[in-house]
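Okay, data32.cif now, which holds mmCIF, C-alpha atoms:
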data_work
#
loop_
_atom_site.label_atom_id
_atom_site.label_comp_id
_atom_site.auth_asym_id
_atom_site.auth_seq_id
_atom_site.Cartn_x
_atom_site.Cartn_y
_atom_site.Cartn_z
CA MET Y 1 93.45 94.12 133.84
CA HIS Y 2 95.31 96.68 131.77
CA GLN Y 3 96.94 95.01 128.77
CA VAL Y 4 100.49 96.15 127.95
CA VAL Y 5 101.90 94.81 124.69
CA VAL Y 6 105.62 95.25 124.04
CA LEU Y 7 106.72 95.26 120.41
CA ALA Y 8 110.14 93.70 119.71
CA LEU Y 9 111.74 94.60 116.37
CA PRO Y 10 114.88 93.30 114.65
CA GLY Y 11 117.95 94.76 116.32
CA VAL Y 12 116.12 95.05 119.65
CA ILE Y 13 118.13 95.88 122.77
CA PRO Y 14 117.49 93.08 125.29
CA PHE Y 15 117.84 95.15 128.47
CA GLU Y 16 115.21 97.71 127.48
CA LEU Y 17 112.93 95.01 126.04
CA GLY Y 18 112.65 93.43 129.47
CA ILE Y 19 111.93 96.65 131.39
CA PRO Y 20 108.13 96.83 130.90
CA ALA Y 21 107.53 93.22 131.96
CA LYS Y 22 109.71 93.69 135.03
CA VAL Y 23 108.29 97.02 136.24
CA PHE Y 24 104.61 96.65 135.31
CA GLY Y 25 104.72 93.09 136.57
CA LEU Y 26 105.51 94.37 140.05
CA ALA Y 27 102.50 96.70 140.27
CA TYR Y 28 99.83 95.24 142.57
CA GLY Y 29 96.58 96.65 143.92
CA THR Y 30 95.58 96.77 147.57
CA ASP Y 31 93.93 93.38 147.12
CA GLY Y 32 97.25 91.86 146.03
CA GLN Y 33 96.11 91.37 142.44
CA PRO Y 34 98.36 92.40 139.52
CA LEU Y 35 97.30 95.60 137.80
CA TYR Y 36 98.92 94.96 134.41
CA GLN Y 37 99.37 92.00 132.09
CA VAL Y 38 102.41 92.27 129.83
CA THR Y 39 102.69 90.48 126.49
CA THR Y 40 105.69 90.61 124.16
CA CYS Y 41 105.23 90.24 120.40
CA SER Y 42 107.09 90.65 117.13
CA PRO Y 43 105.50 91.63 113.81
CA ASP Y 44 105.50 88.03 112.56
CA GLY Y 45 105.78 86.03 115.79
CA ARG Y 46 109.19 84.70 114.85
CA PRO Y 47 112.40 84.95 116.91
CA VAL Y 48 113.83 88.46 116.88
CA PRO Y 49 117.56 89.04 116.35
CA SER Y 50 118.86 91.38 119.03
CA ASN Y 51 121.79 93.78 118.91
CA SER Y 52 123.69 91.23 121.00
CA ASP Y 53 124.93 87.78 120.00
CA PHE Y 54 121.57 86.03 120.44
CA SER Y 55 118.00 86.10 119.21
CA ILE Y 56 114.90 86.40 121.37
CA ALA Y 57 112.04 83.95 120.98
CA VAL Y 58 108.56 85.49 121.32
CA GLU Y 59 105.26 83.64 121.45
CA HIS Y 60 102.98 86.25 119.85
CA ASP Y 61 102.70 88.03 116.53
CA ALA Y 62 101.20 91.44 115.68
CA SER Y 63 97.68 90.21 116.42
CA ALA Y 64 98.52 90.80 120.11
CA LEU Y 65 98.52 94.53 119.36
CA GLU Y 66 94.77 94.41 118.74
CA ARG Y 67 93.98 93.89 122.43
CA ALA Y 68 96.54 96.35 123.81
CA ASP Y 69 95.59 99.19 126.14
CA THR Y 70 99.20 100.39 126.05
CA VAL Y 71 101.71 99.60 123.31
CA VAL Y 72 105.41 99.86 124.20
CA VAL Y 73 107.89 100.07 121.33
CA ALA Y 74 111.21 98.68 122.53
CA PRO Y 75 114.40 100.27 121.14
CA SER Y 76 116.23 98.90 118.13
CA TYR Y 77 119.36 99.76 116.19
CA HIS Y 78 117.99 98.32 112.96
CA PRO Y 79 119.44 100.36 110.03
CA SER Y 80 116.00 101.19 108.63
CA ILE Y 81 114.75 102.48 111.97
CA MET Y 82 117.86 104.59 112.57
CA ASN Y 83 117.39 106.06 109.08
CA GLY Y 84 113.87 107.17 109.92
CA GLU Y 85 112.06 104.38 108.06
CA LEU Y 86 109.69 101.63 109.12
CA PRO Y 87 110.99 98.12 108.31
CA PRO Y 88 108.85 96.06 105.92
CA GLY Y 89 105.58 94.95 107.48
CA LEU Y 90 105.82 97.23 110.50
CA ALA Y 91 103.34 99.83 109.24
CA GLU Y 92 100.75 97.09 108.77
CA ALA Y 93 101.47 95.77 112.27
CA LEU Y 94 101.05 99.21 113.85
CA ALA Y 95 97.78 99.70 111.98
CA ARG Y 96 96.28 96.87 114.04
CA VAL Y 97 96.40 99.00 117.20
CA ARG Y 98 92.96 100.21 118.27
CA PRO Y 99 92.15 103.94 118.31
CA GLY Y 100 92.56 105.38 121.80
CA THR Y 101 95.39 103.01 122.74
CA ARG Y 102 98.23 104.59 124.71
CA TRP Y 103 101.64 104.60 122.97
CA MET Y 104 104.98 104.50 124.71
CA SER Y 105 108.56 104.22 123.45
CA ILE Y 106 111.85 103.51 125.16
CA CYS Y 107 115.10 105.00 123.84
CA THR Y 108 115.24 104.73 120.02
CA GLY Y 109 111.71 103.33 119.98
CA SER Y 110 110.75 106.98 119.51
CA PHE Y 111 112.23 106.73 115.99
CA VAL Y 112 109.46 104.23 115.22
CA LEU Y 113 106.69 106.41 116.66
CA ALA Y 114 108.04 109.45 114.81
CA ALA Y 115 108.36 107.57 111.51
CA ALA Y 116 104.74 106.45 111.92
CA GLY Y 117 103.64 110.08 112.32
CA LEU Y 118 102.53 109.63 115.92
CA LEU Y 119 104.83 112.36 117.24
CA ASP Y 120 104.12 115.14 114.74
CA GLY Y 121 103.72 118.36 116.69
CA ARG Y 122 104.10 116.56 120.00
CA PRO Y 123 106.85 116.53 122.65
CA SER Y 124 109.27 113.64 122.52
CA THR Y 125 112.74 112.56 123.52
CA THR Y 126 115.25 109.82 122.78
CA HIS Y 127 118.73 108.79 123.89
CA TRP Y 128 120.94 111.88 124.06
CA PHE Y 129 123.53 110.27 121.78
CA HIS Y 130 121.01 110.15 118.91
CA THR Y 131 119.25 113.49 119.39
CA GLU Y 132 120.90 115.29 116.46
CA ARG Y 133 120.06 112.46 114.05
CA TYR Y 134 116.53 112.39 115.45
CA ARG Y 135 116.15 116.15 115.06
CA GLN Y 136 117.24 116.02 111.41
CA LEU Y 137 115.00 113.05 110.54
CA PHE Y 138 111.89 114.26 112.35
CA PRO Y 139 111.76 118.07 112.33
CA ARG Y 140 108.00 118.02 112.96
CA THR Y 141 108.39 116.60 116.45
CA ARG Y 142 109.06 118.82 119.48
CA LEU Y 143 112.28 117.22 120.68
CA ASP Y 144 113.35 117.82 124.27
CA PRO Y 145 116.84 116.30 124.53
CA ASP Y 146 117.31 117.08 128.22
CA VAL Y 147 114.50 115.17 129.95
CA LEU Y 148 114.27 111.55 131.08
CA PHE Y 149 110.82 111.18 129.54
CA THR Y 150 107.92 113.09 128.02
CA ASP Y 151 104.23 112.63 128.73
CA ASP Y 152 101.71 114.01 126.26
CA GLY Y 153 98.74 112.07 127.61
CA ASP Y 154 98.32 109.19 125.20
CA VAL Y 155 101.85 109.28 123.75
CA LEU Y 156 104.93 108.98 125.96
CA THR Y 157 108.63 108.66 125.14
CA SER Y 158 111.72 108.04 127.23
CA ALA Y 159 115.41 108.67 126.92
CA GLY Y 160 117.88 105.81 126.72
CA ALA Y 161 118.33 102.61 128.71
CA ALA Y 162 117.35 103.06 132.37
CA ALA Y 163 115.07 106.00 131.53
CA GLY Y 164 112.61 103.31 130.47
CA LEU Y 165 112.41 102.39 134.15
CA ASP Y 166 111.58 105.99 135.01
CA LEU Y 167 108.82 106.13 132.42
CA CYS Y 168 107.23 102.82 133.47
CA LEU Y 169 107.21 103.95 137.11
CA HIS Y 170 105.75 107.29 136.03
CA LEU Y 171 102.90 105.51 134.25
CA ILE Y 172 102.19 103.35 137.30
CA ARG Y 173 102.20 106.51 139.42
CA ARG Y 174 99.86 108.22 136.96
CA ASP Y 175 97.50 105.25 136.78
CA HIS Y 176 97.49 104.12 140.42
CA GLY Y 177 99.30 106.64 142.59
CA THR Y 178 102.58 107.10 144.38
CA GLU Y 179 102.32 104.22 146.84
CA VAL Y 180 101.85 101.56 144.15
CA ALA Y 181 104.72 103.02 142.11
CA ASN Y 182 106.97 103.23 145.16
CA ARG Y 183 106.37 99.56 145.97
CA ALA Y 184 107.27 98.57 142.43
CA ALA Y 185 110.39 100.72 142.56
CA ARG Y 186 111.52 99.13 145.81
CA ARG Y 187 111.07 95.67 144.33
CA CYS Y 188 113.20 96.76 141.36
CA VAL Y 189 115.78 98.30 143.73
CA VAL Y 190 115.67 101.62 141.85
CA PRO Y 191 114.70 105.16 142.89
CA ALA Y 192 110.97 105.83 142.65
CA TRP Y 193 111.77 109.21 141.11
CA ARG Y 194 115.15 110.21 139.73
CA GLU Y 195 116.35 113.76 140.04
CA GLY Y 196 117.01 115.88 136.98
CA GLY Y 197 117.00 114.92 133.33
CA GLN Y 198 119.33 113.17 130.93
CA ALA Y 199 121.30 116.39 130.39
CA GLN Y 200 123.37 115.38 133.40
CA PHE Y 201 124.49 112.21 131.58
CA VAL Y 202 125.57 113.83 128.31
CA GLU Y 203 129.26 113.45 127.61
CA ARG Y 204 131.06 116.71 128.44
CA PRO Y 205 134.31 117.81 130.10
CA VAL Y 206 134.36 116.81 133.75
CA PRO Y 207 134.77 119.83 136.05
CA PRO Y 208 137.91 119.85 138.19
CA ALA Y 209 137.52 117.86 141.39
CA THR Y 210 137.07 120.14 144.39
CA GLY Y 211 136.21 117.60 147.06
CA ALA Y 212 132.82 119.28 147.46
CA ASP Y 213 129.41 118.45 146.08
CA THR Y 214 125.79 119.26 146.84
CA ALA Y 215 124.57 115.80 147.85
CA ALA Y 216 124.72 116.46 151.60
CA VAL Y 217 122.83 119.73 151.20
CA ARG Y 218 120.16 118.03 149.11
CA ASP Y 219 119.77 115.35 151.77
CA TRP Y 220 119.42 118.05 154.42
CA ALA Y 221 116.95 120.06 152.31
CA LEU Y 222 114.65 117.05 151.99
CA ARG Y 223 114.20 117.16 155.77
CA GLU Y 224 113.47 120.90 155.68
CA LEU Y 225 110.91 121.08 152.88
CA HIS Y 226 108.23 122.35 155.26
CA ARG Y 227 109.86 125.80 155.47
CA PRO Y 228 111.21 128.41 153.04
CA LEU Y 229 114.74 127.59 151.87
CA GLN Y 230 116.80 130.44 150.52
CA LEU Y 231 119.51 129.92 147.92
CA ALA Y 232 122.04 131.72 150.13
CA GLU Y 233 121.26 129.34 153.00
CA LEU Y 234 121.80 126.28 150.81
CA ALA Y 235 125.08 127.65 149.46
CA HIS Y 236 126.29 128.51 152.98
CA ARG Y 237 125.62 124.95 154.19
CA ALA Y 238 127.63 123.65 151.23
CA GLY Y 239 130.50 126.02 152.02
CA MET Y 240 130.29 127.60 148.56
CA SER Y 241 129.44 130.95 147.07
CA VAL Y 242 125.94 131.23 145.63
CA ARG Y 243 127.34 131.29 142.10
CA THR Y 244 129.53 128.21 142.60
CA PHE Y 245 126.77 126.32 144.39
CA SER Y 246 124.23 127.07 141.65
CA ARG Y 247 126.64 125.96 138.93
CA ARG Y 248 127.63 122.74 140.71
CA PHE Y 249 124.02 121.94 141.65
CA LEU Y 250 122.95 122.20 138.01
CA ALA Y 251 125.88 120.04 136.88
CA GLU Y 252 125.05 117.32 139.42
CA THR Y 253 121.24 117.22 139.12
CA GLY Y 254 120.36 118.72 135.74
CA GLN Y 255 118.11 121.23 137.57
CA THR Y 256 118.48 124.59 139.26
CA PRO Y 257 118.04 124.59 143.05
CA GLY Y 258 114.60 126.16 142.64
CA GLN Y 259 113.44 123.58 140.11
CA TRP Y 260 114.72 120.75 142.27
CA LEU Y 261 113.05 122.07 145.43
CA THR Y 262 109.73 122.48 143.62
CA ALA Y 263 109.91 118.93 142.29
CA GLN Y 264 110.61 117.56 145.78
CA ARG Y 265 107.79 119.62 147.30
CA LEU Y 266 105.38 118.46 144.63
CA GLY Y 267 106.32 114.85 145.30
CA LEU Y 268 105.76 115.31 149.03
CA ALA Y 269 102.43 117.06 148.45
CA ARG Y 270 101.23 114.34 146.07
CA GLY Y 271 102.07 111.67 148.62
CA LEU Y 272 100.18 113.53 151.35
CA LEU Y 273 97.15 114.03 149.12
CA GLU Y 274 97.11 110.32 148.29
CA SER Y 275 97.78 108.85 151.72
CA THR Y 276 96.22 111.30 154.23
CA ASP Y 277 93.00 113.24 154.81
CA LEU Y 278 94.84 116.44 155.69
CA PRO Y 279 93.13 119.63 154.47
CA VAL Y 280 94.78 121.17 151.42
CA ASP Y 281 96.14 124.12 153.39
CA GLN Y 282 97.93 121.73 155.77
CA VAL Y 283 99.31 119.72 152.85
CA ALA Y 284 100.61 122.99 151.41
CA GLU Y 285 102.19 123.95 154.73
CA ARG Y 286 103.89 120.58 155.29
CA SER Y 287 105.28 120.48 151.75
CA GLY Y 288 106.64 124.02 151.91
CA PHE Y 289 104.32 125.79 149.50
CA GLY Y 290 103.09 128.04 152.27
CA SER Y 291 99.49 128.36 151.15
CA ALA Y 292 96.77 126.33 149.46
CA ALA Y 293 96.75 128.86 146.61
CA SER Y 294 100.47 128.32 145.97
CA LEU Y 295 100.02 124.53 146.00
CA ARG Y 296 97.10 124.79 143.57
CA GLN Y 297 99.18 126.95 141.24
CA HIS Y 298 102.13 124.59 141.18
CA LEU Y 299 100.06 121.40 140.90
CA ALA Y 300 98.09 122.92 138.02
CA ALA Y 301 101.30 123.98 136.26
CA SER Y 302 102.84 120.53 136.67
CA LEU Y 303 99.87 118.17 136.23
CA GLY Y 304 96.99 120.32 135.05
CA VAL Y 305 94.75 119.41 138.02
CA SER Y 306 93.74 120.88 141.37
CA PRO Y 307 94.70 119.25 144.70
CA ALA Y 308 91.10 118.15 145.22
CA ALA Y 309 90.90 116.59 141.75
CA TYR Y 310 94.24 114.85 142.25
CA ARG Y 311 93.09 113.44 145.57
CA ARG Y 312 89.82 112.18 144.06
CA THR Y 313 91.73 110.45 141.27
CA PHE Y 314 94.01 108.47 143.58
CA ARG Y 315 91.73 108.03 146.59
CA GLY Y 316 88.73 106.88 144.55
CA SER Y 317 88.15 103.73 142.53
CA PRO Y 318 91.12 101.35 142.53
CA ARG Y 319 90.38 100.52 138.91
CA LEU Y 320 92.81 101.75 136.29
CA GLN Y 321 92.38 105.36 135.33
CA HIS Y 322 94.14 107.34 132.65
CA GLY Y 323 93.71 110.45 134.78
CA PRO Y 324 91.57 113.57 134.32
CA ALA Y 325 91.33 115.05 130.86
CA GLY Y 326 94.48 117.02 130.17
CA ALA Y 327 96.33 115.70 133.20
CA ASN Y 328 100.09 115.21 132.72
CA ARG Y 329 100.15 116.94 129.35
CA ARG Y 330 102.54 119.50 130.74
CA GLU Y 331 104.65 117.02 132.67
CA ALA Y 332 107.61 116.67 130.33
CA SER Y 333 110.01 115.55 133.02
CA SER Y 334 110.31 114.97 136.73
CA GLY Y 335 109.20 118.43 137.73
CA ALA Y 336 111.87 120.30 135.79
CA ARG Y 337 109.33 122.76 134.39
CA ALA Y 338 107.69 123.63 137.71
CA ARG Y 339 108.22 127.12 139.14
CA PRO Y 340 110.05 127.61 142.44
CA PRO Y 341 107.74 128.18 145.40
CA HIS Y 342 109.94 130.90 146.92
CA PRO Y 343 111.08 133.81 144.72
CA ALA Y 344 114.47 133.92 146.44
CA VAL Y 345 115.37 130.49 145.07
CA ARG Y 346 116.28 130.46 141.38
#
Since I need it in another form, could you write the structure as structure tokens?
Amino acid sequence: MHQVVVLALPGVIPFELGIPAKVFGLAYGTDGQPLYQVTTCSPDGRPVPSNSDFSIAVEHDASALERADTVVVAPSYHPSIMNGELPPGLAEALARVRPGTRWMSICTGSFVLAAAGLLDGRPSTTHWFHTERYRQLFPRTRLDPDVLFTDDGDVLTSAGAAAGLDLCLHLIRRDHGTEVANRAARRCVVPAWREGGQAQFVERPVPPATGADTAAVRDWALRELHRPLQLAELAHRAGMSVRTFSRRFLAETGQTPGQWLTAQRLGLARGLLESTDLPVDQVAERSGFGSAASLRQHLAASLGVSPAAYRRTFRGSPRLQHGPAGANRREASSGARARPPHPAVR
């Protein structure tokens, strides 16, 4: 069983601290057995003061980190951490983690990973409210302030609060496939895959209310993914000009129409590859990529693997896999980097 150890630090945020145990604890294999065991620890095993009006009692100290397959650093507003420093004793605790262990942070937990040098030269994110401070403190990291999470293989970071849910579900999906992740998401009563990035949540002037949005068109488009969808057609269904539709779509989802359509098509194709024996060309046709070559191109750009390799990964051994070498290294967010399958959609 994959061992997930969550590190709670002084000033920890209780909501985010509980996310890994909740989400990973709902991931079960086809035999009904749990796929992850989650342990929570503090550096010294003592109760941890939270940023609320109570402390959190933990039953394990930093020795739990020695058996971790994945270490999750929960967010904290401790002054040292927010100033880019490791609190006393934390460096020694982190040194107990075995080489090859996967690292993950939620919200300001990325401050800890960056201060420890684990994010130098690597993509990362944090809560949008703290991105400028983060950028100044850790100029050697490749900050992406717009995404919900980043995945650089063995080091992953998420944006604030509920983005930790997105990252945990992403890891389950990466380890065990879409169906297992979807079941966990349903049990948590959250979307299995949220649209867009955290840019859509950044405080900014609210556009004047027009009584129109793109939600109905997006719902319709999900039923039409099997065929080419032109930007002009989407705008016409929304009763907007192409320019207005594109602007409002980006404001509502954090993605252009083309980026959003590609992300939805990739999700559909991944599900078909995992759950059916359809030939790749039929998977490409049903998901709207038009040809097997187009599907291969987009899957390689998003995940770094071919359709056949992806299918082998999630239709093979049910045991935990970290994925093919290089897989997910280009997946910084929920498909926001993928190219649109039809040139007319931008």
Within 7 Å of Y:Thr39, counting all atoms listed in the file, which residues qualify if same-chain residues fewer than 6 places away don't, as a VMD selection string? chain Y and resid 4 to 6
Select all residues near (104.9, 98.4, 126.4) (cut-off 12 Å, inclusive, file coordinates), counting all atoms listed in the file, and output them as a VMD selection string. chain Y and resid 2 to 8 16 to 25 36 to 41 64 to 65 68 to 75 101 to 106 109 155 to 158 164 to 165 167 to 168 171
Kindly resolve the PyMOL selection byres ((chain Y and resi 123) around 7) on the present coordinates and return the residues as a ChimeraX atom specification. /Y:121-122,124,141-144,150,152
Could you expand the PyMOL selection byres ((chain Y and resi 87) around 12) into the explicit residues it covers here, written as number ranges by chain? Y: 9-11, 43, 76-86, 88-94, 111-112, 115-116
Please indicate the distance in Å from atom CA of Y:Asp154 to atom CA of Y:Thr313, rounded to one decimal place. 17.4 Å
List as a ChimeraX atom specification the protein and nucleic acid residues near Y:Asp277, meaning an atom at most 10 Å away when all atoms listed in the file are counted, but skip any in the same chain fewer than 4 places from it. /Y:272-273,282-283,311,315
Explicit residue set for the PyMOL selection byres ((chain Y and resi 176-185) around 8), as a PyMOL selection string: chain Y and resi 23-24+26-29+169-170+172-175+186-192+270-271+274+314+318+320-321
Can you work out which one of Y:Ala62, Y:Leu266, Y:Met240, Y:Ala235 has the shortest atom-to-atom distance to Y:Ser294, counting only C-alpha atoms?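 Nearest to Y:Ser294: Y:Leu266.
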Check the smallest atom-to-atom distance from each of Y:Ala57, Y:Ala292, Y:Val280, Y:Ala251 to Y:Ala308 using all atoms listed in the file, then report the winner.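 Residue with the minimum atom-to-atom distance to Y:Ala308: Y:Val280.
Residues within 10 Å of Y:Leu295, counting only C-alpha atoms and excluding same-chain residues fewer than 3 positions away, are Arg265, Leu266, Ala269, Val280, Asp281, Val283, Ala284, Glu285, Ser287, Gly288, Phe289, Gly290, Ser291, Ala292, His298, Leu299, Ala300, Ala301, Ser306, Pro307 and Pro341 of chain Y.
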Just want the 12 Å neighbourhood of Y:Arg247, counted on only C-alpha atoms, with same-chain residues fewer than 4 positions away dropped. Output as a VMD selection string. chain Y and resid 207 213 to 214 235 240 to 243 251 to 257 346
Taking into account all atoms listed in the file, which residue in the set Y:Thr108, Y:Ser275, Y:Gly267, Y:Glu66 is nearest to Y:Arg96? Y:Glu66
For atom CA of Y:Phe15 and atom CA of Y:Phe54, quote the distance in Å rounded to one decimal.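 For atom CA of Y:Phe15 relative to atom CA of Y:Phe54, the distance reads 12.7 Å.
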Of the candidates Y:His130, Y:Arg286, Y:Leu137, Y:Arg98, which one gets nearest to Y:Arg227 if we count all atoms listed in the file?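 With all atoms listed in the file as the atom set, the closest residue is Y:Arg286.
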Would you mind reading off the distance between atom CA of Y:Asp219 and atom CA of Y:Leu250, one decimal, in Å?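 Computing the Euclidean distance for atom CA of Y:Asp219 and atom CA of Y:Leu250 yields 15.7 Å.
Compared by their closest atoms to Y:Ala232, and using all atoms listed in the file, the residues Y:Ser246, Y:His127, Y:Phe138, Y:Leu118 rank with Y:Ser246 nearest.
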